[in-house]
>>> print(open('my_file21.cif').read())   # mmCIF, N, CA and C atoms
data_model
loop_
_atom_site.label_atom_id
_atom_site.label_comp_id
_atom_site.auth_asym_id
_atom_site.auth_seq_id
_atom_site.Cartn_x
_atom_site.Cartn_y
_atom_site.Cartn_z
N MET A 253 11.15 -16.41 28.57
CA MET A 253 10.37 -15.46 29.33
C MET A 253 9.08 -15.10 28.58
N VAL A 254 9.19 -14.78 27.28
CA VAL A 254 8.01 -14.45 26.48
C VAL A 254 7.11 -15.67 26.37
N ARG A 255 7.69 -16.80 26.07
CA ARG A 255 6.91 -18.04 25.90
C ARG A 255 6.11 -18.34 27.17
N LYS A 256 6.75 -18.22 28.33
CA LYS A 256 6.08 -18.51 29.60
C LYS A 256 4.91 -17.54 29.83
N LEU A 257 5.11 -16.27 29.56
CA LEU A 257 4.05 -15.27 29.73
C LEU A 257 2.89 -15.55 28.79
N VAL A 258 3.19 -15.81 27.53
CA VAL A 258 2.15 -16.09 26.54
C VAL A 258 1.33 -17.31 26.96
N GLU A 259 2.00 -18.37 27.36
CA GLU A 259 1.30 -19.58 27.80
C GLU A 259 0.46 -19.33 29.06
N SER A 260 0.99 -18.51 29.99
CA SER A 260 0.25 -18.24 31.22
C SER A 260 -1.04 -17.45 30.96
N CYS A 261 -1.12 -16.82 29.80
CA CYS A 261 -2.32 -16.07 29.42
C CYS A 261 -3.24 -16.90 28.53
N GLY A 262 -2.94 -18.19 28.40
CA GLY A 262 -3.81 -19.08 27.65
C GLY A 262 -3.65 -19.02 26.15
N LEU A 263 -2.53 -18.46 25.68
CA LEU A 263 -2.29 -18.37 24.24
C LEU A 263 -1.28 -19.42 23.81
N SER A 264 -1.33 -19.79 22.55
CA SER A 264 -0.38 -20.75 22.02
C SER A 264 0.99 -20.09 21.88
N ALA A 265 2.02 -20.78 22.33
CA ALA A 265 3.38 -20.26 22.24
C ALA A 265 4.30 -21.21 21.49
N GLU A 266 3.72 -22.18 20.81
CA GLU A 266 4.53 -23.19 20.15
C GLU A 266 5.47 -22.61 19.10
N ASP A 267 5.11 -21.49 18.49
CA ASP A 267 5.95 -20.91 17.44
C ASP A 267 6.68 -19.65 17.90
N VAL A 268 6.68 -19.37 19.18
CA VAL A 268 7.40 -18.21 19.71
C VAL A 268 8.87 -18.58 19.81
N ASP A 269 9.68 -17.98 18.95
CA ASP A 269 11.10 -18.28 19.02
C ASP A 269 11.99 -17.05 18.86
N GLY A 270 11.39 -15.92 18.48
CA GLY A 270 12.17 -14.70 18.33
C GLY A 270 13.14 -14.71 17.17
N LYS A 271 13.00 -15.68 16.27
CA LYS A 271 13.92 -15.79 15.13
C LYS A 271 13.28 -15.20 13.88
N GLY A 272 14.11 -14.93 12.91
CA GLY A 272 13.63 -14.47 11.61
C GLY A 272 12.90 -13.14 11.71
N ALA A 273 11.65 -13.15 11.28
CA ALA A 273 10.86 -11.92 11.22
C ALA A 273 10.27 -11.53 12.58
N GLN A 274 10.40 -12.37 13.58
CA GLN A 274 9.80 -12.09 14.90
C GLN A 274 10.64 -11.12 15.71
N ARG A 275 9.97 -10.11 16.26
CA ARG A 275 10.58 -9.18 17.22
C ARG A 275 9.58 -9.06 18.37
N PHE A 276 10.08 -9.00 19.61
CA PHE A 276 9.17 -8.92 20.75
C PHE A 276 9.49 -7.72 21.62
N LEU A 277 8.43 -7.08 22.10
CA LEU A 277 8.53 -6.03 23.11
C LEU A 277 8.06 -6.64 24.42
N LEU A 278 8.74 -6.30 25.48
CA LEU A 278 8.43 -6.88 26.78
C LEU A 278 8.22 -5.76 27.80
N ALA A 279 7.13 -5.83 28.56
CA ALA A 279 6.87 -4.89 29.66
C ALA A 279 7.24 -5.60 30.95
N ARG A 280 7.94 -4.90 31.81
CA ARG A 280 8.36 -5.48 33.09
C ARG A 280 7.90 -4.61 34.24
N ASP A 281 7.71 -5.25 35.38
CA ASP A 281 7.41 -4.58 36.63
C ASP A 281 8.30 -5.21 37.68
N ASP A 282 9.22 -4.43 38.22
CA ASP A 282 10.20 -4.96 39.19
C ASP A 282 10.92 -6.19 38.66
N GLY A 283 11.29 -6.15 37.38
CA GLY A 283 12.03 -7.24 36.77
C GLY A 283 11.19 -8.40 36.29
N GLU A 284 9.92 -8.42 36.65
CA GLU A 284 9.02 -9.49 36.23
C GLU A 284 8.34 -9.14 34.91
N ALA A 285 8.32 -10.09 33.99
CA ALA A 285 7.64 -9.89 32.71
C ALA A 285 6.14 -9.85 32.95
N VAL A 286 5.49 -8.75 32.58
CA VAL A 286 4.05 -8.61 32.81
C VAL A 286 3.26 -8.40 31.52
N GLY A 287 3.96 -8.22 30.41
CA GLY A 287 3.28 -8.03 29.14
C GLY A 287 4.25 -8.20 27.99
N CYS A 288 3.71 -8.60 26.84
CA CYS A 288 4.54 -8.73 25.65
C CYS A 288 3.67 -8.61 24.41
N VAL A 289 4.33 -8.29 23.32
CA VAL A 289 3.69 -8.29 22.01
C VAL A 289 4.79 -8.56 21.00
N GLY A 290 4.43 -9.37 20.01
CA GLY A 290 5.38 -9.68 18.95
C GLY A 290 5.00 -8.96 17.67
N LEU A 291 6.00 -8.72 16.87
CA LEU A 291 5.80 -8.11 15.56
C LEU A 291 6.59 -8.93 14.55
N GLU A 292 5.91 -9.39 13.52
CA GLU A 292 6.57 -10.04 12.39
C GLU A 292 6.49 -9.08 11.22
N VAL A 293 7.62 -8.78 10.63
CA VAL A 293 7.67 -7.85 9.50
C VAL A 293 7.93 -8.63 8.22
N HIS A 294 7.08 -8.37 7.24
CA HIS A 294 7.20 -8.99 5.91
C HIS A 294 7.06 -7.87 4.89
N GLY A 295 8.16 -7.20 4.60
CA GLY A 295 8.13 -6.07 3.67
C GLY A 295 7.33 -4.92 4.26
N GLU A 296 6.32 -4.47 3.53
CA GLU A 296 5.49 -3.35 3.99
C GLU A 296 4.30 -3.81 4.82
N SER A 297 4.25 -5.10 5.14
CA SER A 297 3.17 -5.64 5.95
C SER A 297 3.75 -6.23 7.23
N GLY A 298 2.96 -6.16 8.30
CA GLY A 298 3.40 -6.72 9.57
C GLY A 298 2.26 -7.43 10.25
N LEU A 299 2.62 -8.30 11.19
CA LEU A 299 1.64 -9.04 11.95
C LEU A 299 1.92 -8.85 13.43
N LEU A 300 0.93 -8.33 14.17
CA LEU A 300 1.02 -8.30 15.63
C LEU A 300 0.64 -9.69 16.12
N ARG A 301 1.41 -10.21 17.06
CA ARG A 301 1.16 -11.57 17.51
C ARG A 301 1.57 -11.73 18.97
N SER A 302 1.08 -12.79 19.59
CA SER A 302 1.47 -13.14 20.95
C SER A 302 1.34 -11.95 21.90
N PHE A 303 0.23 -11.23 21.79
CA PHE A 303 -0.04 -10.06 22.63
C PHE A 303 -0.64 -10.57 23.94
N ALA A 304 0.11 -10.41 25.03
CA ALA A 304 -0.33 -10.95 26.32
C ALA A 304 0.00 -9.98 27.45
N VAL A 305 -0.92 -9.85 28.38
CA VAL A 305 -0.70 -9.07 29.60
C VAL A 305 -1.12 -9.95 30.77
N ALA A 306 -0.22 -10.06 31.74
CA ALA A 306 -0.51 -10.88 32.92
C ALA A 306 -1.80 -10.38 33.58
N PRO A 307 -2.66 -11.29 34.03
CA PRO A 307 -3.92 -10.87 34.67
C PRO A 307 -3.72 -9.84 35.79
N SER A 308 -2.65 -9.95 36.53
CA SER A 308 -2.40 -9.03 37.63
C SER A 308 -2.10 -7.61 37.17
N HIS A 309 -1.83 -7.42 35.87
CA HIS A 309 -1.47 -6.10 35.36
C HIS A 309 -2.43 -5.59 34.29
N ARG A 310 -3.57 -6.24 34.14
CA ARG A 310 -4.56 -5.77 33.17
C ARG A 310 -5.27 -4.55 33.73
N ARG A 311 -5.75 -3.73 32.81
CA ARG A 311 -6.47 -2.49 33.14
C ARG A 311 -5.56 -1.49 33.86
N ARG A 312 -4.27 -1.57 33.57
CA ARG A 312 -3.29 -0.63 34.14
C ARG A 312 -2.55 0.12 33.05
N GLY A 313 -2.96 -0.05 31.80
CA GLY A 313 -2.31 0.65 30.70
C GLY A 313 -1.16 -0.11 30.06
N VAL A 314 -0.86 -1.30 30.56
CA VAL A 314 0.25 -2.08 29.99
C VAL A 314 -0.04 -2.44 28.53
N GLY A 315 -1.23 -2.94 28.27
CA GLY A 315 -1.60 -3.31 26.90
C GLY A 315 -1.59 -2.12 25.96
N ALA A 316 -2.10 -0.99 26.41
CA ALA A 316 -2.12 0.22 25.57
C ALA A 316 -0.69 0.67 25.26
N ALA A 317 0.18 0.63 26.26
CA ALA A 317 1.57 1.04 26.05
C ALA A 317 2.27 0.09 25.07
N LEU A 318 2.02 -1.21 25.21
CA LEU A 318 2.61 -2.17 24.28
C LEU A 318 2.08 -1.97 22.87
N HIS A 319 0.78 -1.71 22.75
CA HIS A 319 0.17 -1.46 21.44
C HIS A 319 0.84 -0.25 20.77
N GLU A 320 0.96 0.84 21.49
CA GLU A 320 1.58 2.05 20.94
C GLU A 320 3.02 1.80 20.53
N ALA A 321 3.77 1.09 21.38
CA ALA A 321 5.17 0.81 21.08
C ALA A 321 5.30 -0.11 19.86
N ALA A 322 4.40 -1.08 19.74
CA ALA A 322 4.44 -2.00 18.59
C ALA A 322 4.12 -1.27 17.29
N VAL A 323 3.13 -0.38 17.32
CA VAL A 323 2.80 0.40 16.13
C VAL A 323 3.97 1.31 15.75
N ALA A 324 4.60 1.94 16.74
CA ALA A 324 5.76 2.79 16.47
C ALA A 324 6.91 1.97 15.88
N MET A 325 7.13 0.77 16.41
CA MET A 325 8.18 -0.10 15.88
C MET A 325 7.86 -0.50 14.45
N ALA A 326 6.60 -0.84 14.18
CA ALA A 326 6.19 -1.21 12.83
C ALA A 326 6.42 -0.05 11.87
N ARG A 327 6.03 1.13 12.28
CA ARG A 327 6.22 2.32 11.45
C ARG A 327 7.71 2.53 11.15
N ALA A 328 8.56 2.39 12.16
CA ALA A 328 10.00 2.56 11.99
C ALA A 328 10.60 1.51 11.05
N GLU A 329 9.95 0.35 10.99
CA GLU A 329 10.40 -0.74 10.12
C GLU A 329 9.86 -0.59 8.69
N GLY A 330 9.05 0.44 8.44
CA GLY A 330 8.50 0.67 7.12
C GLY A 330 7.21 -0.07 6.83
N VAL A 331 6.57 -0.59 7.87
CA VAL A 331 5.30 -1.29 7.71
C VAL A 331 4.20 -0.29 7.39
N ARG A 332 3.41 -0.62 6.39
CA ARG A 332 2.27 0.24 6.03
C ARG A 332 0.96 -0.32 6.56
N ASP A 333 0.84 -1.65 6.54
CA ASP A 333 -0.38 -2.32 7.00
C ASP A 333 0.00 -3.34 8.06
N LEU A 334 -0.66 -3.23 9.21
CA LEU A 334 -0.39 -4.11 10.35
C LEU A 334 -1.61 -4.99 10.55
N TYR A 335 -1.40 -6.30 10.60
CA TYR A 335 -2.49 -7.26 10.73
C TYR A 335 -2.49 -7.90 12.11
N LEU A 336 -3.64 -8.44 12.48
CA LEU A 336 -3.83 -9.05 13.79
C LEU A 336 -4.89 -10.14 13.66
N LEU A 337 -4.64 -11.28 14.28
CA LEU A 337 -5.65 -12.32 14.45
C LEU A 337 -5.97 -12.38 15.93
N THR A 338 -7.24 -12.37 16.28
CA THR A 338 -7.59 -12.40 17.70
C THR A 338 -8.90 -13.12 17.95
N THR A 339 -8.92 -13.82 19.07
CA THR A 339 -10.16 -14.44 19.53
C THR A 339 -10.64 -13.74 20.81
N THR A 340 -9.84 -12.81 21.32
CA THR A 340 -10.16 -12.22 22.63
C THR A 340 -10.22 -10.70 22.68
N VAL A 341 -9.50 -10.00 21.83
CA VAL A 341 -9.40 -8.54 22.00
C VAL A 341 -9.91 -7.75 20.79
N ARG A 342 -10.88 -8.29 20.09
CA ARG A 342 -11.40 -7.60 18.90
C ARG A 342 -11.90 -6.20 19.23
N GLU A 343 -12.69 -6.06 20.27
CA GLU A 343 -13.25 -4.75 20.62
C GLU A 343 -12.14 -3.76 20.97
N ARG A 344 -11.14 -4.22 21.71
CA ARG A 344 -10.00 -3.36 22.05
C ARG A 344 -9.24 -2.95 20.79
N ALA A 345 -9.08 -3.90 19.86
CA ALA A 345 -8.38 -3.60 18.61
C ALA A 345 -9.17 -2.57 17.78
N LEU A 346 -10.49 -2.69 17.75
CA LEU A 346 -11.31 -1.71 17.04
C LEU A 346 -11.10 -0.32 17.63
N ARG A 347 -11.06 -0.24 18.96
CA ARG A 347 -10.82 1.06 19.60
C ARG A 347 -9.43 1.59 19.28
N GLY A 348 -8.50 0.69 18.99
CA GLY A 348 -7.13 1.08 18.66
C GLY A 348 -6.92 1.39 17.19
N GLY A 349 -8.01 1.41 16.41
CA GLY A 349 -7.90 1.79 15.01
C GLY A 349 -7.90 0.65 14.02
N PHE A 350 -7.92 -0.60 14.49
CA PHE A 350 -7.98 -1.74 13.59
C PHE A 350 -9.37 -1.85 12.98
N GLU A 351 -9.45 -2.48 11.83
CA GLU A 351 -10.73 -2.75 11.17
C GLU A 351 -10.75 -4.22 10.77
N ASP A 352 -11.93 -4.80 10.71
CA ASP A 352 -12.08 -6.18 10.26
C ASP A 352 -11.79 -6.27 8.77
N VAL A 353 -11.06 -7.31 8.39
CA VAL A 353 -10.79 -7.57 6.97
C VAL A 353 -10.92 -9.07 6.73
N ALA A 354 -11.11 -9.42 5.47
CA ALA A 354 -11.18 -10.83 5.08
C ALA A 354 -9.79 -11.43 5.11
N ARG A 355 -9.68 -12.66 5.58
CA ARG A 355 -8.38 -13.34 5.62
C ARG A 355 -7.73 -13.37 4.24
N GLU A 356 -8.53 -13.51 3.21
CA GLU A 356 -8.00 -13.58 1.85
C GLU A 356 -7.31 -12.29 1.42
N SER A 357 -7.60 -11.18 2.09
CA SER A 357 -7.00 -9.90 1.71
C SER A 357 -5.62 -9.69 2.33
N VAL A 358 -5.22 -10.56 3.23
CA VAL A 358 -3.93 -10.46 3.90
C VAL A 358 -2.83 -10.92 2.94
N PRO A 359 -1.71 -10.20 2.89
CA PRO A 359 -0.62 -10.60 1.99
C PRO A 359 -0.17 -12.04 2.22
N GLU A 360 0.21 -12.68 1.15
CA GLU A 360 0.59 -14.09 1.16
C GLU A 360 1.69 -14.40 2.16
N ALA A 361 2.70 -13.54 2.29
CA ALA A 361 3.82 -13.79 3.21
C ALA A 361 3.33 -13.95 4.64
N ILE A 362 2.32 -13.20 5.02
CA ILE A 362 1.77 -13.30 6.37
C ILE A 362 0.86 -14.53 6.48
N ARG A 363 0.07 -14.78 5.45
CA ARG A 363 -0.83 -15.95 5.48
C ARG A 363 -0.06 -17.26 5.53
N GLN A 364 1.18 -17.26 5.05
CA GLN A 364 1.99 -18.48 5.08
C GLN A 364 2.63 -18.74 6.44
N GLY A 365 2.55 -17.76 7.35
CA GLY A 365 3.13 -17.92 8.68
C GLY A 365 2.31 -18.84 9.57
N SER A 366 2.91 -19.23 10.68
CA SER A 366 2.28 -20.19 11.58
C SER A 366 1.00 -19.66 12.22
N GLN A 367 0.90 -18.36 12.41
CA GLN A 367 -0.31 -17.81 13.03
C GLN A 367 -1.53 -18.09 12.15
N PHE A 368 -1.39 -17.90 10.84
CA PHE A 368 -2.51 -18.13 9.93
C PHE A 368 -2.70 -19.60 9.61
N ARG A 369 -1.63 -20.37 9.66
CA ARG A 369 -1.71 -21.77 9.25
C ARG A 369 -2.05 -22.72 10.38
N GLY A 370 -2.32 -22.21 11.58
CA GLY A 370 -2.71 -23.15 12.60
C GLY A 370 -2.67 -22.66 14.02
N SER A 371 -1.78 -21.74 14.36
CA SER A 371 -1.70 -21.29 15.75
C SER A 371 -2.96 -20.58 16.20
N CYS A 372 -3.56 -19.81 15.29
CA CYS A 372 -4.81 -19.12 15.60
C CYS A 372 -5.95 -19.83 14.88
N PRO A 373 -7.05 -20.06 15.56
CA PRO A 373 -8.17 -20.78 14.93
C PRO A 373 -8.79 -19.98 13.78
N ALA A 374 -9.43 -20.70 12.90
CA ALA A 374 -10.09 -20.07 11.75
C ALA A 374 -11.19 -19.11 12.19
N THR A 375 -11.67 -19.24 13.43
CA THR A 375 -12.72 -18.36 13.93
C THR A 375 -12.17 -17.03 14.45
N ALA A 376 -10.85 -16.88 14.50
CA ALA A 376 -10.26 -15.63 14.99
C ALA A 376 -10.61 -14.48 14.05
N ALA A 377 -10.87 -13.32 14.64
CA ALA A 377 -11.11 -12.12 13.84
C ALA A 377 -9.80 -11.73 13.16
N CYS A 378 -9.89 -11.37 11.90
CA CYS A 378 -8.74 -10.91 11.13
C CYS A 378 -8.89 -9.40 10.97
N MET A 379 -7.86 -8.66 11.37
CA MET A 379 -7.98 -7.20 11.41
C MET A 379 -6.75 -6.54 10.82
N ARG A 380 -6.93 -5.27 10.38
CA ARG A 380 -5.84 -4.51 9.79
C ARG A 380 -5.84 -3.08 10.33
N LEU A 381 -4.64 -2.55 10.51
CA LEU A 381 -4.44 -1.16 10.89
C LEU A 381 -3.53 -0.53 9.85
N ARG A 382 -3.97 0.55 9.23
CA ARG A 382 -3.12 1.30 8.30
C ARG A 382 -2.15 2.11 9.15
N VAL A 383 -0.86 1.82 9.03
CA VAL A 383 0.16 2.45 9.87
C VAL A 383 0.63 3.75 9.26
N SER A 384 0.80 3.77 7.93
CA SER A 384 1.26 5.01 7.29
C SER A 384 0.47 5.31 6.06
#
>>> encode(input="my_file21.cif", output="structure tokens")
Amino acid sequence: MVRKLVESCGLSAEDVDGKGAQRFLLARDDGEAVGCVGLEVHGESGLLRSFAVAPSHRRRGVGAALHEAAVAMARAEGVRDLYLLTTTVRERALRGGFEDVARESVPEAIRQGSQFRGSCPATAACMRLRVS
């Protein structure tokens, strides 16, 4: 379900498996998946990933609700710094409290993941949100 939604929004889903460090939140409307966001936790650092909202449900608050829920989940997991790679929602992330950071400043455990090693292009904005 998550993989199909992510792909329908034009994002890579090749590494979406929900295993290991991956956790996903799903927004539904009448049983239909309309939004999702993934969180990978690596100690005190986390990575938001596979953030997708179906075109039919954009500008309805689905993305904002998923963002808030993901940050709350990260906080509950003990995450202090939450990272994001994006080619599409940089401005929205800035409004949500994220700041641009250099890829080199991201903890090694996150940089070794598939998002940094190939799923997201090198041109993607690298961002951080201080959670606690």
>>> select_by_dssp(input="my_file21.cif", residues="chain A", states="strand (DSSP E)", output="PyMOL selection string")
chain A and resi 274-281+284-294+297-305+333-338+351-352+377-382
>>> write_last_selection(input="my_file21.cif", atoms="N, CA and C atoms", output="compact mmCIF listing (two decimals), in the frame of the given file")
# COMPACT_ATOMS: atom_id res chain seq x y z
N GLN A 274 10.40 -12.37 13.58
CA GLN A 274 9.80 -12.09 14.90
C GLN A 274 10.64 -11.12 15.71
N ARG A 275 9.97 -10.11 16.26
CA ARG A 275 10.58 -9.18 17.22
C ARG A 275 9.58 -9.06 18.37
N PHE A 276 10.08 -9.00 19.61
CA PHE A 276 9.17 -8.92 20.75
C PHE A 276 9.49 -7.72 21.62
N LEU A 277 8.43 -7.08 22.10
CA LEU A 277 8.53 -6.03 23.11
C LEU A 277 8.06 -6.64 24.42
N LEU A 278 8.74 -6.30 25.48
CA LEU A 278 8.43 -6.88 26.78
C LEU A 278 8.22 -5.76 27.80
N ALA A 279 7.13 -5.83 28.56
CA ALA A 279 6.87 -4.89 29.66
C ALA A 279 7.24 -5.60 30.95
N ARG A 280 7.94 -4.90 31.81
CA ARG A 280 8.36 -5.48 33.09
C ARG A 280 7.90 -4.61 34.24
N ASP A 281 7.71 -5.25 35.38
CA ASP A 281 7.41 -4.58 36.63
C ASP A 281 8.30 -5.21 37.68
N GLU A 284 9.92 -8.42 36.65
CA GLU A 284 9.02 -9.49 36.23
C GLU A 284 8.34 -9.14 34.91
N ALA A 285 8.32 -10.09 33.99
CA ALA A 285 7.64 -9.89 32.71
C ALA A 285 6.14 -9.85 32.95
N VAL A 286 5.49 -8.75 32.58
CA VAL A 286 4.05 -8.61 32.81
C VAL A 286 3.26 -8.40 31.52
N GLY A 287 3.96 -8.22 30.41
CA GLY A 287 3.28 -8.03 29.14
C GLY A 287 4.25 -8.20 27.99
N CYS A 288 3.71 -8.60 26.84
CA CYS A 288 4.54 -8.73 25.65
C CYS A 288 3.67 -8.61 24.41
N VAL A 289 4.33 -8.29 23.32
CA VAL A 289 3.69 -8.29 22.01
C VAL A 289 4.79 -8.56 21.00
N GLY A 290 4.43 -9.37 20.01
CA GLY A 290 5.38 -9.68 18.95
C GLY A 290 5.00 -8.96 17.67
N LEU A 291 6.00 -8.72 16.87
CA LEU A 291 5.80 -8.11 15.56
C LEU A 291 6.59 -8.93 14.55
N GLU A 292 5.91 -9.39 13.52
CA GLU A 292 6.57 -10.04 12.39
C GLU A 292 6.49 -9.08 11.22
N VAL A 293 7.62 -8.78 10.63
CA VAL A 293 7.67 -7.85 9.50
C VAL A 293 7.93 -8.63 8.22
N HIS A 294 7.08 -8.37 7.24
CA HIS A 294 7.20 -8.99 5.91
C HIS A 294 7.06 -7.87 4.89
N SER A 297 4.25 -5.10 5.14
CA SER A 297 3.17 -5.64 5.95
C SER A 297 3.75 -6.23 7.23
N GLY A 298 2.96 -6.16 8.30
CA GLY A 298 3.40 -6.72 9.57
C GLY A 298 2.26 -7.43 10.25
N LEU A 299 2.62 -8.30 11.19
CA LEU A 299 1.64 -9.04 11.95
C LEU A 299 1.92 -8.85 13.43
N LEU A 300 0.93 -8.33 14.17
CA LEU A 300 1.02 -8.30 15.63
C LEU A 300 0.64 -9.69 16.12
N ARG A 301 1.41 -10.21 17.06
CA ARG A 301 1.16 -11.57 17.51
C ARG A 301 1.57 -11.73 18.97
N SER A 302 1.08 -12.79 19.59
CA SER A 302 1.47 -13.14 20.95
C SER A 302 1.34 -11.95 21.90
N PHE A 303 0.23 -11.23 21.79
CA PHE A 303 -0.04 -10.06 22.63
C PHE A 303 -0.64 -10.57 23.94
N ALA A 304 0.11 -10.41 25.03
CA ALA A 304 -0.33 -10.95 26.32
C ALA A 304 0.00 -9.98 27.45
N VAL A 305 -0.92 -9.85 28.38
CA VAL A 305 -0.70 -9.07 29.60
C VAL A 305 -1.12 -9.95 30.77
N ASP A 333 0.84 -1.65 6.54
CA ASP A 333 -0.38 -2.32 7.00
C ASP A 333 0.00 -3.34 8.06
N LEU A 334 -0.66 -3.23 9.21
CA LEU A 334 -0.39 -4.11 10.35
C LEU A 334 -1.61 -4.99 10.55
N TYR A 335 -1.40 -6.30 10.60
CA TYR A 335 -2.49 -7.26 10.73
C TYR A 335 -2.49 -7.90 12.11
N LEU A 336 -3.64 -8.44 12.48
CA LEU A 336 -3.83 -9.05 13.79
C LEU A 336 -4.89 -10.14 13.66
N LEU A 337 -4.64 -11.28 14.28
CA LEU A 337 -5.65 -12.32 14.45
C LEU A 337 -5.97 -12.38 15.93
N THR A 338 -7.24 -12.37 16.28
CA THR A 338 -7.59 -12.40 17.70
C THR A 338 -8.90 -13.12 17.95
N GLU A 351 -9.45 -2.48 11.83
CA GLU A 351 -10.73 -2.75 11.17
C GLU A 351 -10.75 -4.22 10.77
N ASP A 352 -11.93 -4.80 10.71
CA ASP A 352 -12.08 -6.18 10.26
C ASP A 352 -11.79 -6.27 8.77
N ALA A 377 -10.87 -13.32 14.64
CA ALA A 377 -11.11 -12.12 13.84
C ALA A 377 -9.80 -11.73 13.16
N CYS A 378 -9.89 -11.37 11.90
CA CYS A 378 -8.74 -10.91 11.13
C CYS A 378 -8.89 -9.40 10.97
N MET A 379 -7.86 -8.66 11.37
CA MET A 379 -7.98 -7.20 11.41
C MET A 379 -6.75 -6.54 10.82
N ARG A 380 -6.93 -5.27 10.38
CA ARG A 380 -5.84 -4.51 9.79
C ARG A 380 -5.84 -3.08 10.33
N LEU A 381 -4.64 -2.55 10.51
CA LEU A 381 -4.44 -1.16 10.89
C LEU A 381 -3.53 -0.53 9.85
N ARG A 382 -3.97 0.55 9.23
CA ARG A 382 -3.12 1.30 8.30
C ARG A 382 -2.15 2.11 9.15
>>> residues_around(input="my_file21.cif", residues="Cys378 in chain A", least_positions_apart="5", cutoff="6.5 Å", atoms="all atoms listed in the file", output="PyMOL selection string")
chain A and resi 336-338+351-355
>>> select_by_dssp(input="my_file21.cif", residues="range 265-383 of chain A", states="alpha helix (DSSP H)", output="compact mmCIF listing (two decimals) with N, CA and C atoms, in the coordinates of the input")
# COMPACT_ATOMS: atom_id res chain seq x y z
N VAL A 314 -0.86 -1.30 30.56
CA VAL A 314 0.25 -2.08 29.99
C VAL A 314 -0.04 -2.44 28.53
N GLY A 315 -1.23 -2.94 28.27
CA GLY A 315 -1.60 -3.31 26.90
C GLY A 315 -1.59 -2.12 25.96
N ALA A 316 -2.10 -0.99 26.41
CA ALA A 316 -2.12 0.22 25.57
C ALA A 316 -0.69 0.67 25.26
N ALA A 317 0.18 0.63 26.26
CA ALA A 317 1.57 1.04 26.05
C ALA A 317 2.27 0.09 25.07
N LEU A 318 2.02 -1.21 25.21
CA LEU A 318 2.61 -2.17 24.28
C LEU A 318 2.08 -1.97 22.87
N HIS A 319 0.78 -1.71 22.75
CA HIS A 319 0.17 -1.46 21.44
C HIS A 319 0.84 -0.25 20.77
N GLU A 320 0.96 0.84 21.49
CA GLU A 320 1.58 2.05 20.94
C GLU A 320 3.02 1.80 20.53
N ALA A 321 3.77 1.09 21.38
CA ALA A 321 5.17 0.81 21.08
C ALA A 321 5.30 -0.11 19.86
N ALA A 322 4.40 -1.08 19.74
CA ALA A 322 4.44 -2.00 18.59
C ALA A 322 4.12 -1.27 17.29
N VAL A 323 3.13 -0.38 17.32
CA VAL A 323 2.80 0.40 16.13
C VAL A 323 3.97 1.31 15.75
N ALA A 324 4.60 1.94 16.74
CA ALA A 324 5.76 2.79 16.47
C ALA A 324 6.91 1.97 15.88
N MET A 325 7.13 0.77 16.41
CA MET A 325 8.18 -0.10 15.88
C MET A 325 7.86 -0.50 14.45
N ALA A 326 6.60 -0.84 14.18
CA ALA A 326 6.19 -1.21 12.83
C ALA A 326 6.42 -0.05 11.87
N ARG A 327 6.03 1.13 12.28
CA ARG A 327 6.22 2.32 11.45
C ARG A 327 7.71 2.53 11.15
N ALA A 328 8.56 2.39 12.16
CA ALA A 328 10.00 2.56 11.99
C ALA A 328 10.60 1.51 11.05
N ARG A 342 -10.88 -8.29 20.09
CA ARG A 342 -11.40 -7.60 18.90
C ARG A 342 -11.90 -6.20 19.23
N GLU A 343 -12.69 -6.06 20.27
CA GLU A 343 -13.25 -4.75 20.62
C GLU A 343 -12.14 -3.76 20.97
N ARG A 344 -11.14 -4.22 21.71
CA ARG A 344 -10.00 -3.36 22.05
C ARG A 344 -9.24 -2.95 20.79
N ALA A 345 -9.08 -3.90 19.86
CA ALA A 345 -8.38 -3.60 18.61
C ALA A 345 -9.17 -2.57 17.78
N LEU A 346 -10.49 -2.69 17.75
CA LEU A 346 -11.31 -1.71 17.04
C LEU A 346 -11.10 -0.32 17.63
N ARG A 347 -11.06 -0.24 18.96
CA ARG A 347 -10.82 1.06 19.60
C ARG A 347 -9.43 1.59 19.28
N GLU A 360 0.21 -12.68 1.15
CA GLU A 360 0.59 -14.09 1.16
C GLU A 360 1.69 -14.40 2.16
N ALA A 361 2.70 -13.54 2.29
CA ALA A 361 3.82 -13.79 3.21
C ALA A 361 3.33 -13.95 4.64
N ILE A 362 2.32 -13.20 5.02
CA ILE A 362 1.77 -13.30 6.37
C ILE A 362 0.86 -14.53 6.48
N ARG A 363 0.07 -14.78 5.45
CA ARG A 363 -0.83 -15.95 5.48
C ARG A 363 -0.06 -17.26 5.53
N SER A 366 2.91 -19.23 10.68
CA SER A 366 2.28 -20.19 11.58
C SER A 366 1.00 -19.66 12.22
>>> closest_residue(input="my_file21.cif", among="A:Glu356, A:Leu257, A:Ala322, A:Val293", to="Leu277 in chain A", atoms="only N, CA and C atoms")
A:Ala322
>>> atom_distance(input="my_file21.cif", atom1="CA of Leu299 in chain A", atom2="CA of Asp282 in chain A")
28.8 Å
>>> atom_distance(input="my_file21.cif", atom1="atom N of Gln364 in chain A", atom2="CA of Ala345 in chain A")
21.5 Å
>>> atom_distance(input="my_file21.cif", atom1="CA of Ile362 in chain A", atom2="atom C of Glu292 in chain A")
8.0 Å
>>> resolve_selection(input="my_file21.cif", expression="the PyMOL selection byres ((chain A and resi 339) around 7)", output="list in words")
Leu337, Thr338, Thr340, Val341, Arg342, Thr375, Ala376 and Ala377 of chain A
>>> residues_around(input="my_file21.cif", residues="range 313-315 of chain A", least_positions_apart="2", cutoff="12 Å", atoms="only C-alpha atoms", output="ChimeraX atom specification")
/A:277-281,285-289,302-311,317-322,341,344-345,348
>>> residues_near_point(input="my_file21.cif", point="(1.0, 4.1, 5.3)", cutoff="5 Å", atoms="all atoms listed in the file", output="mmCIF file with N, CA and C atoms, keeping the file's coordinate frame")
data_model
loop_
_atom_site.group_PDB
_atom_site.id
_atom_site.type_symbol
_atom_site.label_atom_id
_atom_site.label_comp_id
_atom_site.auth_asym_id
_atom_site.auth_seq_id
_atom_site.Cartn_x
_atom_site.Cartn_y
_atom_site.Cartn_z
ATOM 1 N N ARG A 332 3.410 -0.620 6.390
ATOM 2 C CA ARG A 332 2.270 0.240 6.030
ATOM 3 C C ARG A 332 0.960 -0.320 6.560
ATOM 4 N N VAL A 383 -0.860 1.820 9.030
ATOM 5 C CA VAL A 383 0.160 2.450 9.870
ATOM 6 C C VAL A 383 0.630 3.750 9.260
ATOM 7 N N SER A 384 0.800 3.770 7.930
ATOM 8 C CA SER A 384 1.260 5.010 7.290
ATOM 9 C C SER A 384 0.470 5.310 6.060
#
